$ cat entry.txt   # compact mmCIF, C-alpha atoms and all ligand atoms
# COMPACT_ATOMS: atom_id res chain seq x y z
CA MET A 1 140.72 -15.66 157.68
CA MET A 2 137.09 -14.78 157.10
CA ARG A 3 136.66 -13.95 160.73
CA LYS A 4 139.50 -11.49 160.45
CA LEU A 5 138.04 -9.86 157.37
CA ILE A 6 134.75 -9.38 159.13
CA ALA A 7 136.51 -8.10 162.20
CA PHE A 8 138.02 -5.32 160.15
CA LEU A 9 134.82 -4.46 158.43
CA LEU A 10 132.92 -4.12 161.66
CA VAL A 11 135.10 -1.30 162.82
CA LEU A 12 134.12 0.84 159.92
CA GLY A 13 130.63 0.87 161.36
CA LEU A 14 131.72 1.12 164.91
CA THR A 15 132.51 4.78 165.16
CA THR A 16 128.99 5.88 164.61
CA SER A 17 127.32 3.33 166.80
CA CYS A 18 129.82 4.13 169.50
CA THR A 19 129.59 7.87 169.23
CA ASP A 20 125.83 7.71 169.11
CA GLU A 21 125.91 6.01 172.47
CA GLU A 22 128.78 7.88 173.99
CA GLU A 23 128.15 11.48 173.11
CA PRO A 24 129.48 13.74 175.80
CA SER A 25 126.81 14.87 178.23
CA PRO A 26 126.61 18.23 179.96
CA ASP A 27 128.29 16.52 182.89
CA ASN A 28 131.53 16.03 181.03
CA GLY A 29 131.64 19.27 179.16
CA GLY A 30 129.39 18.64 176.18
CA ASP A 31 127.33 21.73 176.82
CA ASP A 32 125.28 23.25 174.04
CA ASN A 33 125.47 26.90 174.99
CA GLY A 34 128.28 27.82 172.63
CA ASP A 35 130.96 27.89 175.28
CA ASP A 36 134.02 27.02 173.20
CA ASN A 37 136.68 27.86 175.70
CA VAL A 38 139.88 25.88 175.63
CA GLN A 39 138.98 23.80 178.66
CA ASN A 40 135.83 22.35 177.16
CA TYR A 41 136.45 22.63 173.43
CA HIS A 42 137.81 19.08 173.09
CA LYS A 43 134.89 17.50 174.97
CA LYS A 44 132.27 17.90 172.24
CA PRO A 45 130.66 15.17 170.11
CA VAL A 46 132.20 13.79 166.92
CA GLY A 47 131.58 16.17 164.03
CA TYR A 48 131.36 19.28 166.17
CA SER A 49 134.73 20.56 164.90
CA ALA A 50 134.26 19.63 161.24
CA ASN A 51 134.26 23.21 159.99
CA ASP A 52 137.08 24.25 162.31
CA LEU A 53 139.17 21.40 160.94
CA LEU A 54 138.30 22.02 157.29
CA ALA A 55 138.30 25.80 157.03
CA SER A 56 140.85 28.40 158.01
CA GLU A 57 138.65 31.08 159.52
CA GLU A 58 139.09 30.02 163.14
CA PHE A 59 142.25 27.91 162.98
CA LYS A 60 145.11 28.27 160.48
CA GLN A 61 147.23 25.45 161.84
CA LEU A 62 146.55 21.86 162.89
CA GLN A 63 148.61 19.96 165.42
CA ILE A 64 147.94 16.24 165.86
CA GLU A 65 149.31 14.56 168.97
CA ILE A 66 149.48 10.78 168.80
CA ILE A 67 150.18 8.96 172.04
CA TYR A 68 151.04 5.27 171.62
CA VAL A 69 151.74 2.50 174.05
CA GLN A 70 155.30 1.29 173.57
CA ASN A 71 155.63 -1.47 170.96
CA TYR A 72 152.60 -0.05 169.15
CA ALA A 73 154.31 2.85 167.39
CA PRO A 74 152.53 3.95 164.25
CA GLU A 75 154.30 3.18 160.98
CA ASP A 76 156.12 6.10 159.38
CA ALA A 77 154.10 5.44 156.24
CA SER A 78 150.86 5.79 158.22
CA ILE A 79 151.90 9.20 159.51
CA GLN A 80 152.91 10.28 156.02
CA ASN A 81 149.65 9.00 154.54
CA LEU A 82 147.63 10.88 157.12
CA THR A 83 149.60 14.06 156.51
CA ASN A 84 149.05 13.83 152.76
CA PHE A 85 145.38 12.99 153.21
CA LEU A 86 144.75 15.99 155.42
CA GLN A 87 146.84 18.39 153.35
CA ASN A 88 144.61 17.61 150.40
CA ARG A 89 141.39 18.29 152.29
CA LEU A 90 142.06 20.95 154.92
CA ASN A 91 142.65 24.67 154.59
CA LYS A 92 145.49 25.07 157.05
CA PRO A 93 147.84 27.71 155.58
CA ASP A 94 150.16 27.59 158.59
CA GLY A 95 150.62 23.85 158.30
CA ILE A 96 149.71 20.43 159.66
CA THR A 97 152.07 18.72 162.09
CA ILE A 98 151.88 15.28 163.67
CA SER A 99 153.86 14.30 166.75
CA THR A 100 154.16 10.82 168.25
CA THR A 101 154.98 10.02 171.86
CA ALA A 102 155.43 6.64 173.52
CA ILE A 103 153.97 5.85 176.93
CA GLU A 104 154.12 2.80 179.15
CA SER A 105 151.06 0.60 179.15
CA PRO A 106 148.29 2.06 181.31
CA GLY A 107 147.35 -1.56 182.07
CA LEU A 108 143.73 -0.99 181.18
CA ALA A 109 143.17 -3.47 178.34
CA PRO A 110 140.59 -4.23 177.17
CA TYR A 111 139.64 -0.56 176.97
CA SER A 112 136.18 0.70 177.81
CA THR A 113 135.07 4.13 176.66
CA ASP A 114 135.69 5.36 180.19
CA ASP A 115 139.23 3.95 180.05
CA ILE A 116 139.86 5.76 176.78
CA LEU A 117 138.58 9.02 178.26
CA GLN A 118 140.77 8.44 181.32
CA VAL A 119 143.90 7.98 179.22
CA GLU A 120 143.11 11.15 177.30
CA GLY A 121 142.59 13.00 180.54
CA ASN A 122 145.96 11.83 181.84
CA LYS A 123 148.08 11.93 178.69
CA ARG A 124 146.75 14.56 176.29
CA THR A 125 149.02 17.60 176.36
CA ALA A 126 148.00 19.44 173.18
CA PHE A 127 145.08 21.86 173.43
CA ASN A 128 143.94 24.68 171.18
CA SER A 129 145.97 27.85 171.38
CA GLY A 130 145.55 30.95 169.25
CA ASN A 131 145.24 29.89 165.61
CA THR A 132 146.24 26.30 166.35
CA LEU A 133 143.64 23.53 166.49
CA THR A 134 144.67 20.26 168.11
CA VAL A 135 143.64 16.64 167.59
CA TYR A 136 144.55 13.79 169.91
CA GLY A 137 145.02 10.15 168.92
CA PHE A 138 145.76 7.16 171.14
CA ILE A 139 147.10 3.80 169.99
CA ALA A 140 146.02 1.33 172.63
CA ASP A 141 147.68 -1.93 173.63
CA GLY A 142 144.42 -3.80 173.67
CA LYS A 143 140.99 -4.20 172.23
CA PHE A 144 137.76 -2.28 172.71
CA GLU A 145 135.73 -3.66 175.59
CA GLN A 146 132.42 -2.70 173.96
CA ASN A 147 133.30 -4.34 170.64
CA ASP A 148 135.98 -6.97 170.42
CA ASN A 149 136.18 -6.47 166.66
CA ALA A 150 136.90 -2.76 166.69
CA LEU A 151 140.05 -1.47 165.04
CA GLY A 152 139.44 2.17 165.84
CA VAL A 153 136.93 4.68 167.10
CA ALA A 154 136.35 8.42 166.82
CA TYR A 155 134.74 9.35 170.12
CA ARG A 156 134.93 13.12 170.57
CA ASN A 157 135.24 16.12 168.28
CA THR A 158 139.04 15.99 168.22
CA SER A 159 139.78 12.53 169.61
CA PHE A 160 140.25 9.06 168.20
CA THR A 161 141.69 5.74 169.31
CA LEU A 162 143.24 2.90 167.34
CA PHE A 163 143.23 -0.55 168.90
CA GLY A 164 146.83 -1.45 168.12
CA SER A 165 146.75 -5.10 169.09
CA LYS A 166 143.69 -5.66 166.92
CA ILE A 167 145.34 -3.93 163.98
CA GLU A 168 148.42 -6.12 164.36
CA GLU A 169 146.26 -9.24 164.48
CA ASN A 170 144.66 -8.28 161.19
CA SER A 171 147.74 -7.24 159.26
CA GLY A 172 151.14 -8.41 158.15
CA GLY A 173 150.19 -12.04 157.53
CA ILE A 174 149.45 -14.09 154.47
CA ASN A 175 146.42 -12.67 152.66
CA GLN A 176 146.40 -9.69 155.03
CA PRO A 177 147.23 -6.07 154.24
CA SER A 178 150.46 -4.60 155.58
CA LYS A 179 150.26 -2.97 158.98
CA ALA A 180 150.87 0.46 157.44
CA LEU A 181 148.07 0.00 154.93
CA LEU A 182 145.53 -1.19 157.49
CA GLU A 183 146.59 1.39 160.09
CA SER A 184 146.42 4.16 157.48
CA THR A 185 142.98 3.09 156.37
CA VAL A 186 141.60 3.08 159.91
CA MET A 187 143.33 6.33 160.87
CA ASN A 188 142.20 8.20 157.74
CA HIS A 189 138.70 6.82 158.28
CA GLU A 190 138.52 8.00 161.90
CA LEU A 191 139.87 11.43 160.96
CA SER A 192 137.17 11.63 158.30
CA HIS A 193 134.56 11.13 161.01
CA LEU A 194 136.11 14.09 162.82
CA LEU A 195 135.67 16.01 159.54
CA GLY A 196 131.93 15.38 159.84
CA LEU A 197 131.46 12.49 157.42
CA VAL A 198 128.94 11.22 156.58
CA ASN A 199 126.14 13.67 157.41
CA ASN A 200 127.46 14.14 160.94
CA GLY A 201 128.64 17.73 161.22
CA THR A 202 129.29 18.23 157.51
CA PRO A 203 126.02 18.47 155.55
CA MET A 204 125.58 16.24 152.50
CA GLN A 205 125.51 17.94 149.09
CA ASN A 206 123.97 14.82 147.56
CA ASP A 207 122.31 11.99 149.43
CA HIS A 208 124.97 9.30 149.86
CA GLN A 209 124.56 8.19 153.45
CA ASP A 210 124.33 4.46 154.11
CA GLU A 211 121.84 5.01 156.90
CA GLU A 212 121.67 1.36 157.85
CA HIS A 213 125.28 1.65 158.90
CA GLY A 214 125.14 5.02 160.56
CA HIS A 215 127.34 7.83 159.33
CA HIS A 216 128.91 6.03 156.41
CA CYS A 217 128.98 6.38 152.64
CA ASP A 218 127.00 4.25 150.22
CA ASN A 219 129.91 3.86 147.76
CA GLU A 220 131.72 0.58 148.32
CA ASP A 221 134.95 2.03 146.92
CA CYS A 222 134.95 5.01 149.30
CA LEU A 223 137.08 5.31 152.43
CA MET A 224 133.85 5.96 154.34
CA TYR A 225 132.08 2.80 153.19
CA TRP A 226 131.04 0.14 155.62
CA THR A 227 129.73 -3.37 155.13
CA ALA A 228 129.82 -6.41 157.33
CA GLU A 229 128.36 -8.70 154.71
CA THR A 230 131.13 -8.81 152.15
CA GLY A 231 134.90 -8.72 152.12
CA ASP A 232 135.02 -6.01 149.47
CA ILE A 233 136.98 -3.45 151.46
CA VAL A 234 139.58 -5.76 152.89
CA SER A 235 139.83 -7.70 149.65
CA SER A 236 140.72 -4.47 147.94
CA LEU A 237 143.25 -3.63 150.65
CA VAL A 238 145.20 -6.81 150.05
CA GLY A 239 147.62 -5.99 147.29
CA ALA A 240 146.71 -2.31 147.25
CA ASP A 241 149.40 0.34 147.53
CA ASP A 242 147.34 2.98 149.30
CA PRO A 243 144.31 3.25 151.58
CA PRO A 244 140.95 3.79 149.88
CA SER A 245 140.26 7.38 148.85
CA LEU A 246 137.21 9.47 149.56
CA ASP A 247 134.77 9.45 146.68
CA ASP A 248 133.41 12.53 144.95
CA ASN A 249 130.33 12.77 147.18
CA CYS A 250 132.40 12.80 150.36
CA ILE A 251 134.89 15.27 148.88
CA ASP A 252 132.05 17.54 147.73
CA ASP A 253 130.70 17.58 151.28
CA LEU A 254 134.07 18.52 152.76
CA GLN A 255 134.65 21.24 150.19
CA ALA A 256 131.21 22.72 150.82
CA ASN A 257 132.00 22.89 154.53
CA GLY A 258 135.22 24.85 154.10
CA GLY A 259 137.63 22.17 152.94
CA ARG A 260 140.36 22.71 150.37
CA SER A 261 138.84 23.07 146.93
CA VAL A 262 141.78 21.80 144.89
CA ALA A 263 143.90 18.90 146.05
CA ILE A 264 147.58 19.81 146.15
CA GLN A 265 148.83 16.28 145.60
CA LYS A 266 147.64 12.80 144.99
ZN ZN B 301 133.26 4.77 160.54
ZN ZN B 302 132.06 8.54 150.20
$ encode --input "entry.txt" --output "structure tokens"
Amino acid sequence: MMRKLIAFLLVLGLTTSCTDEEEPSPDNGGDDNGDDNVQNYHKKPVGYSANDLLASEEFKQLQIEIIYVQNYAPEDASIQNLTNFLQNRLNKPDGITISTTAIESPGLAPYSTDDILQVEGNKRTAFNSGNTLTVYGFIADGKFEQNDNALGVAYRNTSFTLFGSKIEENSGGINQPSKALLESTVMNHELSHLLGLVNNGTPMQNDHQDEEHGHHCDNEDCLMYWTAETGDIVSSLVGADDPPSLDDNCIDDLQANGGRSVAIQK
């Protein structure tokens, strides 16, 4: 059991270490000359689109496309949790929609970063259009080659992957959280990296970065907390009804970068 708890905790630190190493280069479209055309917009580093996601100046609508390998469909409750989470934080007056589409296994497990990019290249169909900003998520039928313990990763400005088989291993059993609760926690966490947390595209209003663990929050009760030394986060998931929330410091950061100033629902 302890191994599983630690496995979950490691993923919370993974996104930053991964994105630090895997930032898009000029070769794959990560140019720095302000060229935000539709073709290259989705190939930027994590955090690049934080303001576009939070504010309504450039994009009034958000469309999230989730592609999952069959048998790894996201739980309805996870989709609902993500919708509620984003509606409380984003200024998207024309709405937030999430679609889910099943695909056959690409047969690539375990997935390297290149494999994940390849799947996105082959399967992503939603790209920005007019006032609509798009985010792509992939639920893989395997683990992360670079880190066997990863449950999810945010790897580009509008892209994330959940490692579905790893989530199933760590949920639904005795003394484990439900699949929906664990999946929601990881998904909300990865989306929060896309929103620029912590100190990665969305500037901090107060210093609350846990620098030892990359772009994470120093509050152990916050959704953006990471620790590999204790079971605090998973312990609190077991028996909890909902994923951890963002704390005031993280919410202040999002609001200062264009996010919704008053939550519309709990
Ligand atoms: Zn993280
Ligand atoms: Zn926080």
$ residues_near_ligand --input "entry.txt" --ligand "ligand ZN 302 (chain B)" --cutoff "8 Å" --atoms "only C-alpha atoms and all ligand atoms" --output "mmCIF file with C-alpha atoms, keeping the file's coordinate frame"
data_model
loop_
_atom_site.group_PDB
_atom_site.id
_atom_site.type_symbol
_atom_site.label_atom_id
_atom_site.label_comp_id
_atom_site.auth_asym_id
_atom_site.auth_seq_id
_atom_site.Cartn_x
_atom_site.Cartn_y
_atom_site.Cartn_z
ATOM 1 C CA VAL A 198 128.940 11.220 156.580
ATOM 2 C CA HIS A 208 124.970 9.300 149.860
ATOM 3 C CA HIS A 216 128.910 6.030 156.410
ATOM 4 C CA CYS A 217 128.980 6.380 152.640
ATOM 5 C CA ASP A 218 127.000 4.250 150.220
ATOM 6 C CA ASN A 219 129.910 3.860 147.760
ATOM 7 C CA ASP A 221 134.950 2.030 146.920
ATOM 8 C CA CYS A 222 134.950 5.010 149.300
ATOM 9 C CA LEU A 223 137.080 5.310 152.430
ATOM 10 C CA MET A 224 133.850 5.960 154.340
ATOM 11 C CA TYR A 225 132.080 2.800 153.190
ATOM 12 C CA LEU A 246 137.210 9.470 149.560
ATOM 13 C CA ASP A 247 134.770 9.450 146.680
ATOM 14 C CA ASP A 248 133.410 12.530 144.950
ATOM 15 C CA ASN A 249 130.330 12.770 147.180
ATOM 16 C CA CYS A 250 132.400 12.800 150.360
ATOM 17 C CA ILE A 251 134.890 15.270 148.880
#
$ atom_distance --input "entry.txt" --atom1 "CA of Asn149 in chain A" --atom2 "CA of Val186 in chain A"
12.9 Å
$ residues_near_point --input "entry.txt" --point "(137.1, -0.9, 175.8)" --cutoff "9 Å" --atoms "only C-alpha atoms" --output "PyMOL selection string"
chain A and resi 108-116+142-148
$ residues_around --input "entry.txt" --residues "Thr97 in chain A" --least-positions-apart "5" --cutoff "12 Å" --atoms "only C-alpha atoms" --output "list of chain:residue names"
A:Lys60, A:Gln61, A:Leu62, A:Gln63, A:Ile64, A:Glu65, A:Ile66, A:Ile79, A:Gln80, A:Leu82, A:Thr83, A:Asn84, A:Leu86, A:Gln87, A:Lys92, A:Ala126, A:Thr132, A:Leu133, A:Thr134, A:Val135, A:Tyr136
$ atom_distance --input "entry.txt" --atom1 "CA of Val238 in chain A" --atom2 "CA of Asp210 in chain A"
24.1 Å
$ closest_residue --input "entry.txt" --among "A:Leu195, A:Phe160, A:Asp252, A:Ala154" --to "ligand ZN 301 (chain B)" --atoms "only C-alpha atoms and all ligand atoms"
A:Ala154
$ residues_around --input "entry.txt" --residues "range 165-180 of chain A" --least-positions-apart "2" --cutoff "8 Å" --atoms "all atoms listed in the file" --output "short mmCIF file (atom, residue, chain, number, x, y, z; two decimals) with C-alpha atoms, in the frame of the given file"
data_model
loop_
_atom_site.label_atom_id
_atom_site.label_comp_id
_atom_site.auth_asym_id
_atom_site.auth_seq_id
_atom_site.Cartn_x
_atom_site.Cartn_y
_atom_site.Cartn_z
CA LYS A 4 139.50 -11.49 160.45
CA LEU A 5 138.04 -9.86 157.37
CA PHE A 8 138.02 -5.32 160.15
CA TYR A 72 152.60 -0.05 169.15
CA PRO A 74 152.53 3.95 164.25
CA GLU A 75 154.30 3.18 160.98
CA ASP A 76 156.12 6.10 159.38
CA ALA A 77 154.10 5.44 156.24
CA SER A 78 150.86 5.79 158.22
CA ALA A 140 146.02 1.33 172.63
CA ASP A 141 147.68 -1.93 173.63
CA GLY A 142 144.42 -3.80 173.67
CA LYS A 143 140.99 -4.20 172.23
CA ASN A 149 136.18 -6.47 166.66
CA ALA A 150 136.90 -2.76 166.69
CA LEU A 151 140.05 -1.47 165.04
CA LEU A 162 143.24 2.90 167.34
CA PHE A 163 143.23 -0.55 168.90
CA LEU A 182 145.53 -1.19 157.49
CA GLU A 183 146.59 1.39 160.09
CA SER A 184 146.42 4.16 157.48
CA VAL A 234 139.58 -5.76 152.89
CA LEU A 237 143.25 -3.63 150.65
CA VAL A 238 145.20 -6.81 150.05
CA GLY A 239 147.62 -5.99 147.29
CA ALA A 240 146.71 -2.31 147.25
#
$ residues_near_point --input "entry.txt" --point "(141.6, 28.8, 154.8)" --cutoff "8 Å" --atoms "all atoms listed in the file" --output "ChimeraX atom specification"
/A:54-57,60,90-93,258-260
$ residues_around --input "entry.txt" --residues "Tyr68 in chain A" --least-positions-apart "5" --cutoff "6 Å" --atoms "only C-alpha atoms" --output "compact mmCIF listing (two decimals) with C-alpha atoms, keeping the file's coordinate frame"
# COMPACT_ATOMS: atom_id res chain seq x y z
CA ALA A 73 154.31 2.85 167.39
CA ALA A 102 155.43 6.64 173.52
CA PHE A 138 145.76 7.16 171.14
CA ILE A 139 147.10 3.80 169.99
$ closest_residue --input "entry.txt" --among "A:Ser192, A:Gly201, A:Ser159, A:Asn71" --to "Gly121 in chain A" --atoms "only C-alpha atoms"
A:Ser159
$ atom_distance --input "entry.txt" --atom1 "CA of Pro244 in chain A" --atom2 "CA of Pro45 in chain A"
25.4 Å
